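*Asks:* Submitted below is the structure of interest, expressed as structure tokens.
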Amino acid sequence: MSDSRLQDQSIRNGYSVLFVDEDPGLQEVVRTFLEKSGMFRVDVCLSAEKALNLNFFTSYDAVVSEFRLPGMDGIAFLEKTRDLSKNIPFIFFTRTTDSRVVIDALNGGANFFIRKGEKPGHQLAELIEHIHKAIRKKSNEEDIQESEKRFHDLVDFLPQFIFETDLDLNITYANMMGITSAGFSSLNQILGLNALFLIAPSCHEKVREAVKRQLQGNCSDYQEYLAQNRDGSRFPVIIYASPIRQDGTITGFRGIIVDITEQKKNEERVRESERKMAALFRYSPVAFTLVSAKDGIFIDVNEVFMKNTGYSRKDVIGKTADEIGIFVDSELYTRMIAKLRKEGYIRNIEQKCRLKSGEVKSCLFSSSTLMIGEKPHILSTIEDITDIKIRESAYQTMVRSMVGKTGIDSLQSIIRNIRAWLSADCVMICRIEPGNQVFRALTMDFDGTMMNGFTYPVSGTAGERVIKEGFCLYPDNVLDLFPASSFLAKHHFKGYIGLPLINSNAEPFGVLSILFRNPFQPFPFIREILEIIAVKAAAELEHSQIESILIEKEHQLAEAMQLAHLVNWDFDVKSGMYTFNDDFYALYGTSADLEGGYLMSAETYTNKFLHPDDWYLVEDRAKIIGNIRDPDYSDYLEHRIIRRDGEVRYISVCIRITLGEDGKVIKTRGVNQDITDRKLSELSLKKANRQLNMLSEITRHDILNKISVIHGCLMITEQEMTNSSCSEYFRAMESAARVIQNQIEFTRVYQNIGIIEPQWLEIYPILPWSSVPPGVIMTADIHGLSIFADPMLEKVFFNLFDNSIRHGERVSEIRVSMHLSSRDLTVSWEDNGIGIPSDKKELIFERDYGDNTGLGLFLTREILSLTGISIQENGIYGKGARFDMVIANGGFRMRTYQDYRPKYF
């Protein structure tokens, strides 16, 4: 703290002084004198013990004490004070004259020793001066310590090794970075250590030389050394050092040690990069040039540049591009250099370059500026893209030939593009006519004129060889190879390229021919491009042929549908909209104009055209179809429609479905056919059948009544006859009458088979549950199964039940089950009776076979066969009978218990 600040503080507050003396009177005098000076505030104590017990003892700015004190003397008091505070000023003000006490006091840390005498005013003035001097000294020392502390704290934050040494190079200070980088953990470990310990032995002499120069006043900026830390590891450093001077004398050295390991690594990386750059420049597969940015003079070129251009280093180094004449378009080159100077780089600038031979190539330039030896240079790469440009042109030709057109238009586009690309004189696409004897040109570009219909024979032509051998290329001798070709000779063609056109059956069915009046110079990938184009041409040629066939087939189909009164439709499930056409509307007696277009909602169609009594048929079938997951599903339905003019017509509907990615129905499509005439005929036939059946019933009733009379008469006559020899004749007549009766009864059943149209019948409810006798258990695992069959299906299952009970002998269990295969459904009737012998498995289905009427299983097979259902007995004799009924796909369906959302076809 400066004197001015001390004075300001003393004036403002006064320094606090503790005066310890056993004489109260003297205490009062000293206090008064000191406080009157205006610089001090004085507290007094009679003994050292009392002084030390003060809580704020160490906060006094100075302590003044008598040596002779009661209890603890002054020396002991000084020692205690120094234990509590090293810096508090301590002044003895005593009458003691013992020199040993004076020495002990000063050695013990007393600041001053003042003797009391005969002149108190003089002595008190001296006391004031020494108190002030001691306080000032303490303040200066504290300032110095604080300054050093701040300095050391600051230095400890520096990332370099800061050090101080004496003249012998013993370390007197090091910052934290220096301590840790040397491998130590505290300042005490490194203090006194000779600095040479941290320098590799190979550099010790260099250090001594630097010290010598420093002492001689020849200070250098810095030196590079190899340092080592505590564990012996070494690293490069730069040491910046200067002498420490006190009063003009060098007392040591102060400096900074900078670790340059990373700098060295970076320098090595730069050198390695420069080596790689030089190697890259020399041996790169890309052409490199190095040119002065100032005057455009070539400084260096690599081997690839010389190989590609034909120039040697001697030809170009020291010259400019203009002097060599390498750039064809000098204006483009000027613009390229201007852009480079403005932006510092250019990328992928296309430029025409002239080789030493005079040949012109398409090249791609990329350049950037860089500094070499503080001078700007231009480093450029030059890529020969001549082949790429040719290939791009070829691909553009190929793309133009393939995109945007089909059929004959596409073939014409192909030959035009090929002719422009190859500068050909004639390009044509020919088809082999039936019989394989003649080529017919479907399209031909001859000297820019489009032609077709031209024909020429296959035999003895280049086209014939193409068909046999594939791709053919004759640059300048096609006429020599095929002298019989009048077309080649007439137009003086020399060059020829031919490619076969292959159809989808891998058979050649045409030829792509390209002709040149002048010799043609082929390039490496011409075949690759032309073969791709030939595939496109073949596809379009085949497509046009197939398209012609399809048009003809569509015409035939349309005629057939008109003759058969067939119309088609589509239905989109998501939108709920039908798509119709004019033929469909014609069937319904309306038109697109009357109905507002070809789209119609399902609801509108139902309300306008479906017969109200048949709505349930369509709705039930729509529910079923909406839950189908079989992509091959098809369905058939007959119902009535009401035409726009009110006429009721009968139609049949054949339906197919389309499934989406989630396996659900997204579209239905179908064909409607007007079957009104057939239905009317069927109704008339049914009416006639009903009349015939009525007549048959009356006739059968009368015959059976007469047979009953015969049975009665025979019975009465047999009873009254006494001649036993006639009994045998009566029994024969009785048997014949029973046979006649059975035949008449059979006609009653058989006449009803097929009279009523087949229906969808659910099996479970029509099983003969009520006929099951006690002791027999019947189970059926067929819930929800319906089959399309004659309404007499119920009699089928009753006959099977009767067969099990009547002939199974020991039947106690009957089971009905179903088994689904990939296409069909099998419904099985099984019992645990004696079964059917192998030699009788087919006989049981014949008429009149069996112990009773012999009609049950015969009728069963007949009823099932009406809707294409087959039945066989496949049980094991001795274990039970099993009748398997096989129903084809489409003849069965399962009723689920989901809440169907109504949909339409």
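Order determines the names: the first chain of the structure tokens is A, the second B, and so forth; residues in each chain are numbered 1 upward, and ligands are numbered 1 upward as they are shown.
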Please identify the helix (DSSP H, G or I) residues within range 765-903 of chain A (assignment by DSSP from backbone atoms) and present them as a VMD selection string.
*Replies:* chain A and resid 765 to 766 769 to 771 793 to 807 838 to 840 843 to 845 856 to 865
*Asks:* From a DSSP calculation on the backbone, collect every residue of range 143-303 of chain A in strand (DSSP E or B) and output the set as a tab-separated table (two decimals) with N, CA and C atoms, in the first residue's frame.
*Replies:*
```
chain	number	residue	atom	x	y	z
A	161	PHE	N	5.02	-23.43	-20.42
A	161	PHE	CA	5.88	-23.69	-19.25
A	161	PHE	C	6.62	-22.37	-18.95
A	162	ILE	N	6.27	-21.68	-17.83
A	162	ILE	CA	6.96	-20.45	-17.38
A	162	ILE	C	7.90	-20.81	-16.25
A	163	PHE	N	9.11	-20.32	-16.34
A	163	PHE	CA	10.09	-20.72	-15.33
A	163	PHE	C	11.00	-19.55	-14.97
A	164	GLU	N	11.67	-19.69	-13.81
A	164	GLU	CA	12.77	-18.82	-13.39
A	164	GLU	C	13.85	-19.69	-12.80
A	165	THR	N	15.11	-19.29	-13.06
A	165	THR	CA	16.25	-20.04	-12.49
A	165	THR	C	17.26	-19.04	-11.93
A	166	ASP	N	18.15	-19.60	-11.13
A	166	ASP	CA	19.28	-18.76	-10.73
A	166	ASP	C	20.36	-18.89	-11.78
A	170	ASN	N	19.39	-23.51	-11.50
A	170	ASN	CA	18.50	-24.18	-10.57
A	170	ASN	C	17.14	-23.48	-10.61
A	171	ILE	N	16.07	-24.25	-10.70
A	171	ILE	CA	14.73	-23.69	-10.86
A	171	ILE	C	14.29	-23.04	-9.56
A	172	THR	N	13.88	-21.76	-9.66
A	172	THR	CA	13.38	-21.04	-8.49
A	172	THR	C	11.88	-20.81	-8.58
A	173	TYR	N	11.33	-21.00	-9.77
A	173	TYR	CA	9.87	-20.89	-9.91
A	173	TYR	C	9.46	-21.62	-11.21
A	174	ALA	N	8.27	-22.21	-11.15
A	174	ALA	CA	7.66	-22.81	-12.34
A	174	ALA	C	6.15	-22.72	-12.18
A	194	ASN	N	17.79	-28.70	-11.15
A	194	ASN	CA	18.54	-28.05	-12.22
A	194	ASN	C	17.78	-28.19	-13.53
A	199	ILE	N	16.17	-31.15	-19.98
A	199	ILE	CA	16.68	-31.05	-21.35
A	199	ILE	C	17.43	-32.33	-21.68
A	223	GLN	N	15.54	-20.46	-29.09
A	223	GLN	CA	16.30	-21.62	-29.51
A	223	GLN	C	15.39	-22.85	-29.46
A	224	GLU	N	15.65	-23.80	-30.34
A	224	GLU	CA	14.89	-25.05	-30.36
A	224	GLU	C	15.72	-26.14	-29.70
A	225	TYR	N	15.07	-26.90	-28.79
A	225	TYR	CA	15.76	-27.95	-28.04
A	225	TYR	C	14.89	-29.19	-28.00
A	226	LEU	N	15.51	-30.27	-27.50
A	226	LEU	CA	14.78	-31.50	-27.24
A	226	LEU	C	14.63	-31.64	-25.74
A	227	ALA	N	13.40	-31.50	-25.26
A	227	ALA	CA	13.16	-31.57	-23.81
A	227	ALA	C	12.82	-32.99	-23.40
A	228	GLN	N	12.88	-33.23	-22.07
A	228	GLN	CA	12.48	-34.52	-21.53
A	228	GLN	C	11.78	-34.27	-20.19
A	234	ARG	N	10.63	-37.75	-24.41
A	234	ARG	CA	11.21	-36.54	-24.99
A	234	ARG	C	10.26	-35.91	-26.01
A	235	PHE	N	10.38	-34.60	-26.16
A	235	PHE	CA	9.53	-33.88	-27.09
A	235	PHE	C	10.23	-32.58	-27.45
A	236	PRO	N	9.99	-32.08	-28.67
A	236	PRO	CA	10.66	-30.85	-29.12
A	236	PRO	C	10.02	-29.61	-28.48
A	237	VAL	N	10.89	-28.62	-28.15
A	237	VAL	CA	10.40	-27.38	-27.55
A	237	VAL	C	11.18	-26.21	-28.12
A	238	ILE	N	10.60	-25.02	-27.94
A	238	ILE	CA	11.30	-23.75	-28.20
A	238	ILE	C	11.37	-23.01	-26.87
A	239	ILE	N	12.57	-22.53	-26.51
A	239	ILE	CA	12.75	-21.81	-25.24
A	239	ILE	C	13.04	-20.35	-25.54
A	240	TYR	N	12.15	-19.50	-25.01
A	240	TYR	CA	12.36	-18.06	-25.06
A	240	TYR	C	12.85	-17.66	-23.65
A	241	ALA	N	14.07	-17.07	-23.53
A	241	ALA	CA	14.61	-16.75	-22.22
A	241	ALA	C	15.30	-15.38	-22.24
A	242	SER	N	15.33	-14.76	-21.07
A	242	SER	CA	16.03	-13.48	-20.92
A	242	SER	C	16.56	-13.41	-19.48
A	243	PRO	N	17.61	-12.61	-19.23
A	243	PRO	CA	18.19	-12.54	-17.88
A	243	PRO	C	17.32	-11.76	-16.91
A	244	ILE	N	17.41	-12.13	-15.63
A	244	ILE	CA	16.76	-11.39	-14.54
A	244	ILE	C	17.81	-10.45	-13.95
A	245	ARG	N	17.50	-9.17	-13.87
A	245	ARG	CA	18.46	-8.19	-13.36
A	245	ARG	C	17.93	-7.57	-12.09
A	246	GLN	N	18.78	-7.44	-11.12
A	246	GLN	CA	18.48	-6.72	-9.88
A	246	GLN	C	19.61	-5.72	-9.63
A	249	THR	N	22.39	-6.08	-12.02
A	249	THR	CA	23.19	-7.31	-12.03
A	249	THR	C	22.30	-8.48	-12.42
A	250	ILE	N	22.82	-9.38	-13.28
A	250	ILE	CA	22.07	-10.58	-13.69
A	250	ILE	C	22.09	-11.56	-12.53
A	251	THR	N	20.90	-11.90	-12.06
A	251	THR	CA	20.80	-12.84	-10.92
A	251	THR	C	20.21	-14.19	-11.35
A	252	GLY	N	19.72	-14.28	-12.54
A	252	GLY	CA	19.13	-15.54	-12.99
A	252	GLY	C	18.52	-15.36	-14.36
A	253	PHE	N	17.67	-16.32	-14.68
A	253	PHE	CA	17.04	-16.29	-16.01
A	253	PHE	C	15.53	-16.55	-15.86
A	254	ARG	N	14.81	-15.91	-16.75
A	254	ARG	CA	13.35	-16.09	-16.78
A	254	ARG	C	12.96	-16.40	-18.23
A	255	GLY	N	12.00	-17.34	-18.40
A	255	GLY	CA	11.64	-17.66	-19.78
A	255	GLY	C	10.37	-18.50	-19.92
A	256	ILE	N	10.10	-18.86	-21.17
A	256	ILE	CA	8.93	-19.67	-21.54
A	256	ILE	C	9.41	-20.84	-22.37
A	257	ILE	N	8.88	-22.02	-22.05
A	257	ILE	CA	9.17	-23.23	-22.83
A	257	ILE	C	7.88	-23.60	-23.56
A	258	VAL	N	7.92	-23.66	-24.89
A	258	VAL	CA	6.74	-23.98	-25.71
A	258	VAL	C	6.91	-25.37	-26.32
A	259	ASP	N	5.96	-26.25	-26.04
A	259	ASP	CA	5.96	-27.59	-26.63
A	259	ASP	C	5.54	-27.47	-28.09
A	287	ALA	N	-4.71	-35.89	-66.32
A	287	ALA	CA	-3.75	-34.90	-66.80
A	287	ALA	C	-3.75	-33.67	-65.89
A	288	PHE	N	-2.55	-33.25	-65.44
A	288	PHE	CA	-2.38	-32.08	-64.59
A	288	PHE	C	-1.47	-31.08	-65.29
A	289	THR	N	-1.79	-29.77	-65.07
A	289	THR	CA	-0.89	-28.71	-65.52
A	289	THR	C	-0.74	-27.71	-64.39
A	290	LEU	N	0.45	-27.08	-64.32
A	290	LEU	CA	0.70	-26.02	-63.36
A	290	LEU	C	1.16	-24.80	-64.15
A	291	VAL	N	0.39	-23.70	-63.99
A	291	VAL	CA	0.62	-22.50	-64.80
A	291	VAL	C	0.77	-21.30	-63.88
A	292	SER	N	1.65	-20.38	-64.23
A	292	SER	CA	1.79	-19.14	-63.48
A	292	SER	C	0.52	-18.31	-63.65
A	298	PHE	N	3.34	-21.98	-68.69
A	298	PHE	CA	3.35	-23.33	-68.13
A	298	PHE	C	4.59	-23.53	-67.27
A	299	ILE	N	4.38	-23.99	-66.02
A	299	ILE	CA	5.49	-24.28	-65.11
A	299	ILE	C	5.83	-25.75	-65.14
A	300	ASP	N	4.78	-26.61	-65.21
A	300	ASP	CA	5.01	-28.05	-65.24
A	300	ASP	C	3.77	-28.74	-65.78
A	301	VAL	N	3.96	-29.93	-66.33
A	301	VAL	CA	2.88	-30.81	-66.77
A	301	VAL	C	3.25	-32.23	-66.37
```
*Asks:* Considering only C-alpha atoms, return as a ChimeraX atom specification whatever protein or nucleic-acid residues lie within 7 Å of Val427 in chain A, sequence-local ones (same chain, fewer than 5 positions apart) excluded.
*Replies:* /A:415,419,444-446,513-515
*Asks:* Quick one: distance from CA of Lys80 in chain A to CA of Val30 in chain A in Å, one decimal?
*Replies:* 23.6 Å
*Asks:* Report as a VMD selection string all protein, DNA and RNA residues lying within 7 Å of Glu813 in chain A, evaluated on only C-alpha atoms, omitting residues in the same chain fewer than 4 positions from it.
*Replies:* chain A and resid 776 to 778 831 to 832
*Asks:* Measuring between only C-alpha atoms, which one of A:Glu205, A:Leu501, A:Cys654, A:Ser821 shows the shortest distance to Ser634 in chain A?
*Replies:*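 For Ser634 in chain A, the nearest of the candidates is A:Cys654.
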*Asks:* Write out as JSON lines the residues of range 296-342 of chain A that have any atom within 10 Å of an atom of range 363-368 of chain A, one row each with the nearest atom pair and its distance in Å to one decimal, counting only C-alpha atoms, sorted by chain and then rising number.
*Replies:*
```
{"residue": "A:Met336", "atom": "CA", "partner": "A:Phe365", "partner_atom": "CA", "distance": 9.3}
{"residue": "A:Ile337", "atom": "CA", "partner": "A:Ser367", "partner_atom": "CA", "distance": 9.3}
{"residue": "A:Leu340", "atom": "CA", "partner": "A:Ser368", "partner_atom": "CA", "distance": 7.1}
{"residue": "A:Arg341", "atom": "CA", "partner": "A:Ser368", "partner_atom": "CA", "distance": 9.1}
```
*Asks:* If we count only C-alpha atoms and set the cut-off at 10 Å, which residues sit around Cys430 in chain A, ignoring sequence neighbours fewer than 4 positions away in its own chain? Please answer as a count of residues only.
*Replies:* 21
